[in-house]
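Dumped data-v6.pdb below, it's PDB, C-alpha atoms:
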```pdb
ATOM      1  CA  MET A   1       0.000   0.000   0.000
ATOM      2  CA  ASP A   2       1.255   3.502  -0.857
ATOM      3  CA  ALA A   3       2.515   5.313   2.270
ATOM      4  CA  THR A   4       0.881   8.596   1.177
ATOM      5  CA  VAL A   5      -2.614   7.113   1.113
ATOM      6  CA  PRO A   6      -4.093   6.627   4.592
ATOM      7  CA  ALA A   7      -5.595   3.271   5.480
ATOM      8  CA  MET A   8      -9.388   3.214   5.822
ATOM      9  CA  ASN A   9      -9.157   3.328   9.607
ATOM     10  CA  GLU A  10      -6.961   6.439   9.384
ATOM     11  CA  VAL A  11      -9.389   8.613   7.410
ATOM     12  CA  PRO A  12     -10.221  11.707   9.485
ATOM     13  CA  ASP A  13     -13.634  12.028  11.091
ATOM     14  CA  LEU A  14     -15.506  14.610   8.997
ATOM     15  CA  ARG A  15     -18.757  14.711  10.960
ATOM     16  CA  LEU A  16     -20.160  18.076  12.024
ATOM     17  CA  GLY A  17     -18.115  19.623  14.794
ATOM     18  CA  SER A  18     -15.311  17.079  14.590
ATOM     19  CA  LEU A  19     -13.002  19.654  13.032
ATOM     20  CA  PRO A  20     -12.636  23.216  14.333
ATOM     21  CA  TRP A  21     -13.309  24.804  10.943
ATOM     22  CA  MET A  22     -16.680  23.063  10.613
ATOM     23  CA  THR A  23     -18.855  25.806  12.059
ATOM     24  CA  ARG A  24     -21.926  25.516   9.846
ATOM     25  CA  LEU A  25     -24.870  23.184  10.090
ATOM     26  CA  VAL A  26     -26.605  21.813   6.999
ATOM     27  CA  LEU A  27     -30.389  21.693   7.481
ATOM     28  CA  LYS A  28     -33.066  20.424   5.126
ATOM     29  CA  ALA A  29     -36.187  22.611   5.532
ATOM     30  CA  GLY A  30     -38.822  21.490   3.052
ATOM     31  CA  SER A  31     -37.278  21.661  -0.396
ATOM     32  CA  ARG A  32     -34.546  24.080   0.772
ATOM     33  CA  THR A  33     -31.112  23.175   2.009
ATOM     34  CA  LEU A  34     -29.835  25.721   4.506
ATOM     35  CA  LEU A  35     -26.267  26.323   5.603
ATOM     36  CA  VAL A  36     -26.564  27.859   9.050
ATOM     37  CA  ALA A  37     -23.606  29.357  10.901
ATOM     38  CA  ARG A  38     -23.288  28.331  14.550
ATOM     39  CA  GLU A  39     -23.319  31.934  15.711
ATOM     40  CA  ASP A  40     -26.672  32.530  13.976
ATOM     41  CA  ILE A  41     -28.505  29.876  16.006
ATOM     42  CA  ASP A  42     -30.156  31.317  19.123
ATOM     43  CA  TRP A  43     -32.073  28.270  20.272
ATOM     44  CA  VAL A  44     -33.873  25.154  19.071
ATOM     45  CA  GLN A  45     -37.338  24.045  20.127
ATOM     46  CA  ALA A  46     -38.962  20.607  19.790
ATOM     47  CA  ALA A  47     -42.379  20.606  18.106
ATOM     48  CA  GLY A  48     -43.650  17.065  17.637
ATOM     49  CA  ASN A  49     -41.561  15.350  14.956
ATOM     50  CA  TYR A  50     -39.969  18.667  14.026
ATOM     51  CA  LEU A  51     -37.354  20.991  15.441
ATOM     52  CA  VAL A  52     -37.783  24.738  15.125
ATOM     53  CA  PHE A  53     -34.508  26.635  14.752
ATOM     54  CA  HIS A  54     -34.706  30.211  16.017
ATOM     55  CA  LEU A  55     -32.209  32.444  14.206
ATOM     56  CA  GLY A  56     -32.906  36.012  15.243
ATOM     57  CA  ARG A  57     -36.295  36.830  13.704
ATOM     58  CA  GLU A  58     -36.182  33.830  11.358
ATOM     59  CA  ARG A  59     -37.634  30.394  12.113
ATOM     60  CA  PHE A  60     -36.903  27.181  10.253
ATOM     61  CA  SER A  61     -38.626  23.842  10.879
ATOM     62  CA  VAL A  62     -36.754  20.647  10.119
ATOM     63  CA  ARG A  63     -37.753  17.061  10.694
ATOM     64  CA  GLY A  64     -35.691  15.377  13.399
ATOM     65  CA  THR A  65     -35.327  14.429  17.040
ATOM     66  CA  MET A  66     -33.886  16.349  19.958
ATOM     67  CA  GLN A  67     -31.530  13.488  20.772
ATOM     68  CA  GLU A  68     -30.045  13.451  17.278
ATOM     69  CA  MET A  69     -29.717  17.241  17.131
ATOM     70  CA  GLU A  70     -28.264  17.446  20.650
ATOM     71  CA  GLN A  71     -25.423  15.168  19.551
ATOM     72  CA  ARG A  72     -24.836  17.095  16.326
ATOM     73  CA  LEU A  73     -24.789  20.503  18.020
ATOM     74  CA  ALA A  74     -22.794  19.683  21.175
ATOM     75  CA  ALA A  75     -19.489  20.491  19.485
ATOM     76  CA  MET A  76     -20.940  23.868  18.462
ATOM     77  CA  ASN A  77     -21.593  24.959  22.077
ATOM     78  CA  ILE A  78     -25.340  24.447  21.650
ATOM     79  CA  VAL A  79     -26.650  22.337  24.510
ATOM     80  CA  ARG A  80     -29.850  20.965  25.931
ATOM     81  CA  ILE A  81     -31.395  22.934  28.805
ATOM     82  CA  HIS A  82     -34.811  21.272  28.839
ATOM     83  CA  ARG A  83     -36.381  18.172  27.300
ATOM     84  CA  SER A  84     -37.685  20.348  24.471
ATOM     85  CA  THR A  85     -35.026  23.081  24.245
ATOM     86  CA  LEU A  86     -31.442  23.473  23.055
ATOM     87  CA  VAL A  87     -29.658  26.805  23.479
ATOM     88  CA  ASN A  88     -26.529  28.423  22.069
ATOM     89  CA  LEU A  89     -24.479  29.127  25.209
ATOM     90  CA  ASP A  90     -22.855  32.098  23.488
ATOM     91  CA  ARG A  91     -26.298  33.774  23.448
ATOM     92  CA  VAL A  92     -26.980  33.385  27.192
ATOM     93  CA  LYS A  93     -27.193  36.755  28.939
ATOM     94  CA  SER A  94     -28.369  35.675  32.405
ATOM     95  CA  ILE A  95     -29.648  32.750  34.453
ATOM     96  CA  GLU A  96     -32.050  33.219  37.367
ATOM     97  CA  PRO A  97     -33.623  30.651  39.701
ATOM     98  CA  ILE A  98     -37.393  30.269  39.604
ATOM     99  CA  HIS A  99     -38.786  27.264  41.494
ATOM    100  CA  ALA A 100     -38.007  23.630  42.356
ATOM    101  CA  GLY A 101     -34.498  23.894  40.901
ATOM    102  CA  ASP A 102     -35.636  25.199  37.517
ATOM    103  CA  GLN A 103     -34.115  28.403  36.184
ATOM    104  CA  THR A 104     -34.920  31.089  33.632
ATOM    105  CA  VAL A 105     -32.298  31.510  30.914
ATOM    106  CA  THR A 106     -32.440  34.918  29.238
ATOM    107  CA  LEU A 107     -30.828  35.237  25.829
ATOM    108  CA  ALA A 108     -29.150  38.336  24.420
ATOM    109  CA  GLY A 109     -32.262  39.104  22.330
ATOM    110  CA  GLY A 110     -34.509  39.055  25.421
ATOM    111  CA  VAL A 111     -36.042  35.611  24.900
ATOM    112  CA  GLU A 112     -36.623  33.791  28.192
ATOM    113  CA  LEU A 113     -36.390  29.996  28.310
ATOM    114  CA  VAL A 114     -36.756  27.497  31.152
ATOM    115  CA  MET A 115     -33.783  25.353  32.127
ATOM    116  CA  SER A 116     -34.837  22.269  34.063
ATOM    117  CA  ARG A 117     -32.829  21.041  37.018
ATOM    118  CA  THR A 118     -32.048  17.861  35.059
ATOM    119  CA  TYR A 119     -29.715  19.791  32.735
ATOM    120  CA  ARG A 120     -28.556  22.531  35.143
ATOM    121  CA  ASP A 121     -25.335  20.901  36.385
ATOM    122  CA  ARG A 122     -24.113  20.083  32.892
ATOM    123  CA  VAL A 123     -24.855  23.606  31.640
ATOM    124  CA  TYR A 124     -23.125  25.166  34.656
ATOM    125  CA  ALA A 125     -20.082  22.948  34.092
ATOM    126  CA  LEU A 126     -19.838  24.207  30.518
ATOM    127  CA  LEU A 127     -20.415  27.844  31.440
ATOM    128  CA  PHE A 128     -18.426  28.073  34.660
ATOM    129  CA  GLY A 129     -16.081  25.089  34.550
ATOM    130  CA  ARG A 130     -17.507  23.417  37.636
TER     131      ARG A 130
END
```
Render the structure in this file as structure tokens.
Amino acid sequence: MDATVPAMNEVPDLRLGSLPWMTRLVLKAGSRTLLVAREDIDWVQAAGNYLVFHLGRERFSVRGTMQEMEQRLAAMNIVRIHRSTLVNLDRVKSIEPIHAGDQTVTLAGGVELVMSRTYRDRVYALLFGR
């Protein structure tokens, strides 16, 4: 085998987020294919069998599951804060306690989301290194 050609098990992982320069997400919304930059995603909301991507004033619905999208977006600093919500941590402006361990997450654009206590420790570890 030629030394310049990598073996099959040496081919680099080219999945989303596996390389630092891969900062865009490819989404299929109806008949459109969208290339969305990580920094444009504010948050993602589950809606039945669809996910609604909130990008500023724009909304895009794509078919998919939260579990699948959570894995795809983790490397882009977009994490789950509730069973039906993913948020771009770079957009978080403040976090305030409400009740029973839940918290309100306010984004830079003023949107308020609920973070359940189930995801709180993981989010805090990412934000504050604890």
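Atom pair CA of Ala29 (chain A) / CA of Thr104 (chain A) has a distance of 29.4 Å (rounded to one decimal).
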Contacts between region 37-48 of chain A and region 91-110 of chain A, please, where a residue of region 91-110 of chain A counts if it comes within 10 Å (with all atoms listed in the file); show its shortest atom pair and distance in Å to one decimal, rows by chain and ascending number, as a Markdown table.
```
| residue | atom | partner | partner_atom | distance |
| --- | --- | --- | --- | --- |
| A:Arg91 | CA | A:Asp42 | CA | 6.3 |
| A:Val92 | CA | A:Asp42 | CA | 8.9 |
| A:Leu107 | CA | A:Asp42 | CA | 7.8 |
| A:Ala108 | CA | A:Asp42 | CA | 8.9 |
| A:Gly109 | CA | A:Asp42 | CA | 8.7 |
```
Just to be explicit: take each residue in the selection above, keep C-alpha atoms, and write the result as an mmCIF file, in the frame of the given file.
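Result file is out-v5.cif:
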```
data_model
loop_
_atom_site.group_PDB
_atom_site.id
_atom_site.type_symbol
_atom_site.label_atom_id
_atom_site.label_comp_id
_atom_site.auth_asym_id
_atom_site.auth_seq_id
_atom_site.Cartn_x
_atom_site.Cartn_y
_atom_site.Cartn_z
ATOM 1 C CA ARG A 91 -26.298 33.774 23.448
ATOM 2 C CA VAL A 92 -26.980 33.385 27.192
ATOM 3 C CA LEU A 107 -30.828 35.237 25.829
ATOM 4 C CA ALA A 108 -29.150 38.336 24.420
ATOM 5 C CA GLY A 109 -32.262 39.104 22.330
#
```
Kindly extract all protein, DNA and RNA residues lying within 12 Å of the coordinates (-32.4, 21.9, 25.3) given in the file, considering all atoms listed in the file, and supply them as a ChimeraX atom specification.
-> /A:42-46,51-53,65-71,73-74,77-89,105,113-120,122-123
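Minimum atom-to-atom distances from A:Gly101, A:Thr106, A:Leu55, A:Val62 to Ser31 (chain A) were compared using all atoms listed in the file, and the lowest value belongs to A:Val62.
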Atomic distance CA of Thr23 (chain A) - CA of Val111 (chain A), expressed in Å with one decimal = 23.6 Å
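For the atom pair formed by CA of Glu112 (chain A) and CA of Ser94 (chain A), the distance is 9.5 Å, given to one decimal.
Among the candidate residues A:Leu25, A:Lys93, A:Gly30, A:Gly129, the one lying nearest to Ala75 (chain A) is A:Leu25, with distances computed using only C-alpha atoms.
Between Asp102 (chain A) and the candidates A:Asp121, A:Leu35, A:Gly56, A:Lys28, the tightest atom-to-atom separation, counting only C-alpha atoms, involves A:Asp121.
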How big is the axis-aligned box, and where does its centre sit, when it encloses all atoms of region 64-72 of chain A listed in the file and has 8 Å added on every side, reported in Å to one decimal as lines of an AutoDock Vina configuration file?
```
center_x = -30.3
center_y = 15.4
center_z = 17.1
size_x = 26.9
size_y = 20.0
size_z = 23.4
```
